[in-house]
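Worksheet for the structure shown next.
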Amino acid sequence: MTEVNEFIAQLVDGRGLTAEESDRMSRVSVGADRALHFTQELERRVLQSEEAIRKRVAENYTTYSTAVREASKTQKAIRQLLQGVDSLQEILGDEETGIRAQLDTALERLAQTQMQKRSNSEILDSLQQLSNISNSLHEMDKRIHAGNVEEAAQAVLELELVLDNDGVLEDTRIKSVLRKRIAEARVNMRESTVDELRGLLVVDSDADFVRIRVETGKVQAVYKRAQSLLTAMDTLAVADDVRHTLSTYFINTAIRPMLKARNVSHKDTADESTAFEVRLSDTEEPSGSTEVCSVVRATIEFVSGALGEEKAGLWTAEALEELARLVLERCFLRCIPTTRTELAEFRNEARLMEQFEKQLLGNSGPISVATGRLDKMFIEQQSARALARVRTLAEDVAFESRDLETHEQWTVELLRALVDETSGSLAPLLEQAALVVEAEKRVFSKCAVSESAHGLVATAYGLVNEAAQGGSAAQQLVRAARCLFDLHRALSVTMHHAQLRSTPALAWLFYNDCLYSAYHAAALGALSRHLLQADDTGVEDEAWQRTATQLVTAGTTLTEELVQLESTELKRIASDCGGFRNAAGDGQRVVLAKTAKRARLAVTQLCRAMRPPAVTPHVFYRALGQYIDAVFSATIAAVVVVSDISVDDSQVLSEHCRDIYELTDLFRLDADLIEPYCRLDVSSLAASGALPDPLLDSDVESDSSGAGISSADADHACRVKDSRTERLAHRYCMHSDKLIQLADILEILRAEILARCRAGLLVQFSTEEIISLVRALFSDTPERAQDIEELRRLKL
């Protein structure tokens, strides 16, 4: 108050402030109340002093007094006052020059006082505004805690309006804090409203039922409370979000458990207005689309009615679409038909679901989209099911096999039997194409094939039969059928590689599977060509041929690796015994006998793995010939390298060679095994362009390349060892003649050896091999030297 008095006194007295006083006055802090008091006091004292000033001026200057009175009214009067002062200064001279300066200072200080007064007034207004906002916040919190959601929502809107229109708090931290507080209040109100709405209806569910109920006697209260809460959310413009959250809650807690059950049915209750119950069962017959849609619709209506909302009000469009997708999954995706007959029956179900969707959404939705893609989905599922089945077949480790009872003649009846296993009745279009393919007289030789390969072929024919039903997806199904063979081949080789390499029986079964699959892949390629009748059938033909070739290559490569591996082992058994030197010595004869026995046992075991009808005789003879030839070549090589063979040793080695040659007895097969293969007309099959000769695996036992031998000739050949075994040994064993000749060389005279060389009977031997044997068998004499020179001249 002291500073105020000093300032006013100086202003009234007209005394100027010193620098020290001015600095001290500028540092004085003025609060709102003090500023108001300051302004009022200043105004009062200025008014009091104004009269005194006029009196002082009026004593000497009438003009000056008039100007002062006018100065308080307008700015114009002030300018006139200043002009009057200037005129007086010019008239009176320098003695009155301080009047203007004192007047200017007084007016300036008066303006500053008025500005401070306005600033203090603004501060007071801001404080009053903050006080009102604080009261509104307190009132809003009180309404929220009291559960008066509608009034609380209105309070939130009023606060937001105040803050939007308020310019005093703009860009201040106070305003940011207030907005954050209001946002939190909105979130809290929304969450508490959702929780309360959920609690208005009690949802119970277990494996046997789903029940939705209102507590007894609270139907009207629930109705009114739900309306109040939703109205409040409408006020806050979050009602759609709340309704979506609420409808999602009822979908997850009530409707989803219903749709997971196999059988659902609406159970009547004592009071339909307070309770709704659905009975569930996983043991009864599955509910149809009509019953499922009816239960879902009744659930929606009960929940909407209990909360006082129309279906379109409580259940948002997003929630209803989600419901449609759930019904679609329950009634459609889980039971897409697997046959054309089931597909025709299912279309009625699809129409019912479309009607349900239109009642639910008012327009088309996911169900209509799905039913529009029904044919495409059916085709895609057929392809997927076929691929899955083939994968399962390829992964099978049981390796169960079946023996083809006869040569498989490709006929319409065979096709019908294969199709019946997978897709039902044969399509008329496919039957027409099959008649054309049947005329080509395709045959697959009798052998053993795996159940896996048979299942693969049946599945592929099933897909092609679906393609023959017509439609735009025919080519897609044909390609899927071809992919089945590629998948089965790749998986079988990859997953069972170790077993196939270590178990000869499995390797030969896989070989048969590959040929069997290639045989049917070629037939399917011909069928597809007649079915599609498109411009790119040439591309499809090449693809099917490539698939068949790859199958044959896979089987052939594996068996060749097996034969090579086993042949190497047989060579080791036949040569790694140490009994060829000094063969007639103590114990050496026994060692050679054991070697022959081990070799025979090893070859016999390998024969058992591929003995017809496990494979065809042709394949059996070819592999057996390679096994026996490995033993023959190792035995010949072991004898030829011996540098010194006595008369006794030569006798023992000759007997050993003849014992080894007895392996050719394994070529003997019973007539009833050979007879079916002798009937195959190879020439007619080749002329028909059916399959290449390697796929036929047909055995031709005659010396000519004709149609085969008769059953009588085959029976006779099985009884005459010398004729049959020698012919087979000569045909399939490269070293059979060489081994017999070696056995003779070990026993005959040198002159006879030379005579045979002249007659060309020892062409299997090289010159150096004959010379080595002559040197080992006969003493070094001039006659031996002459014979060796003649052998060199003969150049065997």
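By convention in this document, the chains of the structure tokens carry letters A, B, ... by their order, each chain's residues are numbered from 1, and ligands are numbered from 1 in the order they are shown.
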Query raised in the report: segment 431-597 of chain A: which residues are strand (DSSP E or B) by DSSP, as a list in words?
Result: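 Strand (DSSP E or B) assignments inside segment 431-597 of chain A correspond to Val443, Phe444, Ala448, Val449 and Ser450 of chain A.
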Output the selection as a PDB file, in the first residue's frame - C-alpha atoms for each residue.
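Contents of selection.pdb, freshly written:
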ATOM      1  CA  VAL A 443      -1.500-104.337 -71.703  1.00  0.00           C
ATOM      2  CA  PHE A 444       0.530-104.356 -68.500  1.00  0.00           C
ATOM      3  CA  ALA A 448       3.332-107.419 -58.036  1.00  0.00           C
ATOM      4  CA  VAL A 449       2.483-103.750 -57.392  1.00  0.00           C
ATOM      5  CA  SER A 450       2.024-101.910 -54.147  1.00  0.00           C
TER       6      SER A 450
END
Show me, as JSON lines, the residues of segment 204-293 of chain A having an atom within 9 Å of segment 186-198 of chain A, each with the closest atom pair and its distance in Å, using only C-alpha atoms.
{"residue": "A:Val222", "atom": "CA", "partner": "A:Leu197", "partner_atom": "CA", "distance": 8.8}
{"residue": "A:Arg225", "atom": "CA", "partner": "A:Leu197", "partner_atom": "CA", "distance": 8.4}
{"residue": "A:Ala226", "atom": "CA", "partner": "A:Leu197", "partner_atom": "CA", "distance": 6.4}
{"residue": "A:Leu229", "atom": "CA", "partner": "A:Thr193", "partner_atom": "CA", "distance": 6.4}
{"residue": "A:Leu230", "atom": "CA", "partner": "A:Thr193", "partner_atom": "CA", "distance": 8.2}
{"residue": "A:Met233", "atom": "CA", "partner": "A:Arg190", "partner_atom": "CA", "distance": 7.3}
{"residue": "A:Leu236", "atom": "CA", "partner": "A:Arg186", "partner_atom": "CA", "distance": 7.7}
{"residue": "A:Val238", "atom": "CA", "partner": "A:Arg190", "partner_atom": "CA", "distance": 7.7}
{"residue": "A:Ala239", "atom": "CA", "partner": "A:Arg190", "partner_atom": "CA", "distance": 8.8}
{"residue": "A:Val242", "atom": "CA", "partner": "A:Val194", "partner_atom": "CA", "distance": 6.3}
{"residue": "A:Arg243", "atom": "CA", "partner": "A:Val194", "partner_atom": "CA", "distance": 8.5}
{"residue": "A:Thr245", "atom": "CA", "partner": "A:Val194", "partner_atom": "CA", "distance": 7.5}
{"residue": "A:Leu246", "atom": "CA", "partner": "A:Val194", "partner_atom": "CA", "distance": 6.6}
{"residue": "A:Tyr249", "atom": "CA", "partner": "A:Arg198", "partner_atom": "CA", "distance": 7.8}
{"residue": "A:Phe250", "atom": "CA", "partner": "A:Arg198", "partner_atom": "CA", "distance": 8.4}
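Going from atom CA of Glu291 of chain A over to atom CA of Glu215 of chain A, you cover 27.8 Å.
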Requested in this report: Looking only at alpha helix (DSSP H) from DSSP on the backbone, list the matching residues of segment 522-627 of chain A as a PyMOL selection string.
Outcome: chain A and resi 522-532+537-575+588-610+617-627
Query raised in the report: So which one's closest to Ala398 of chain A, A:Lys142, A:His496, A:Arg756, A:Arg598? Using only C-alpha atoms, please.
Result: A:His496
Requested in this report: For segment 772-789 of chain A, please output as a ChimeraX atom specification all residues within 8 Å (counting only C-alpha atoms; exclusion window: fewer than 3 positions along the same chain).
Outcome: /A:640-647,650,746,750,754,768-769,792-793
Keeping C-alpha atoms, export the residues of the selection given above as a tab-separated table (two decimals), in the first residue's frame.
chain	number	residue	atom	x	y	z
A	640	VAL	CA	43.60	-116.05	-64.91
A	641	VAL	CA	45.93	-114.15	-62.59
A	642	VAL	CA	47.31	-117.37	-60.99
A	643	SER	CA	50.87	-117.69	-62.31
A	644	ASP	CA	51.46	-121.37	-61.62
A	645	ILE	CA	48.78	-124.07	-61.82
A	646	SER	CA	49.72	-127.67	-61.25
A	647	VAL	CA	47.87	-130.63	-62.71
A	650	SER	CA	43.90	-127.28	-62.57
A	746	LEU	CA	42.11	-126.07	-67.17
A	750	ARG	CA	47.90	-127.37	-75.00
A	754	LEU	CA	45.59	-124.00	-79.77
A	768	GLU	CA	47.19	-112.19	-73.13
A	769	GLU	CA	44.67	-114.16	-71.02
A	792	ARG	CA	50.24	-114.02	-80.69
A	793	ARG	CA	49.97	-114.33	-84.47
Requested in this report: Might you pull out every residue within 12 Å of Asp396 of chain A, with only C-alpha atoms counted and same-chain residues fewer than 4 positions away left off, and present them as a count of residues only?
Outcome: 16
Query raised in the report: How many Å lie between atom CA of Trp315 of chain A and atom CA of Thr299 of chain A, rounded to one decimal?
Result: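 Atom CA of Thr299 of chain A lies at a distance of 11.6 Å from atom CA of Trp315 of chain A.
Residue nearest Gln605 of chain A within the list A:Pro676, A:Pro504, A:Gly585, A:Gly525: A:Pro504 [criterion: smallest interatomic distance, only C-alpha atoms].
Counting only C-alpha atoms, the residue from A:Asp486, A:Asp164, A:Glu108, A:Glu566 that sits nearest to Thr503 of chain A is A:Glu566.
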Query raised in the report: Could you work out how far atom CA of Leu314 of chain A lies from atom CA of Leu157 of chain A, giving the answer in Å with one decimal?
Result: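 Straight-line distance from atom CA of Leu157 of chain A to atom CA of Leu314 of chain A works out to 23.7 Å.
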Query - Long-range neighbours of segment 320-328 of chain A as a ChimeraX atom specification, 9 Å cut-off, only C-alpha atoms, 5 positions minimum in chain - result: /A:247-248,251,255-256,259,289,292-293,296,315,333-334,353,356-357,360-361,365-367,370
Query raised in the report: Quick one: residues within 12 Å of Glu151 of chain A, only C-alpha atoms counted, chain neighbours fewer than 3 positions away excluded, as a PyMOL selection string?
Result: chain A and resi 136+139-148+154-158+189+228-229+231-233+235-236
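Here the question is which of A:Trp410, A:Tyr461, A:Phe378, A:Phe510 gets nearest to Leu430 of chain A using only C-alpha atoms, and that residue is A:Tyr461.
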Requested in this report: For each of A:Glu726, A:Asp649, A:Glu431, A:Asp375, take the minimum atom-to-atom distance to Ala468 of chain A, counting only C-alpha atoms, then give the residue where this is smallest.
Outcome: A:Glu431
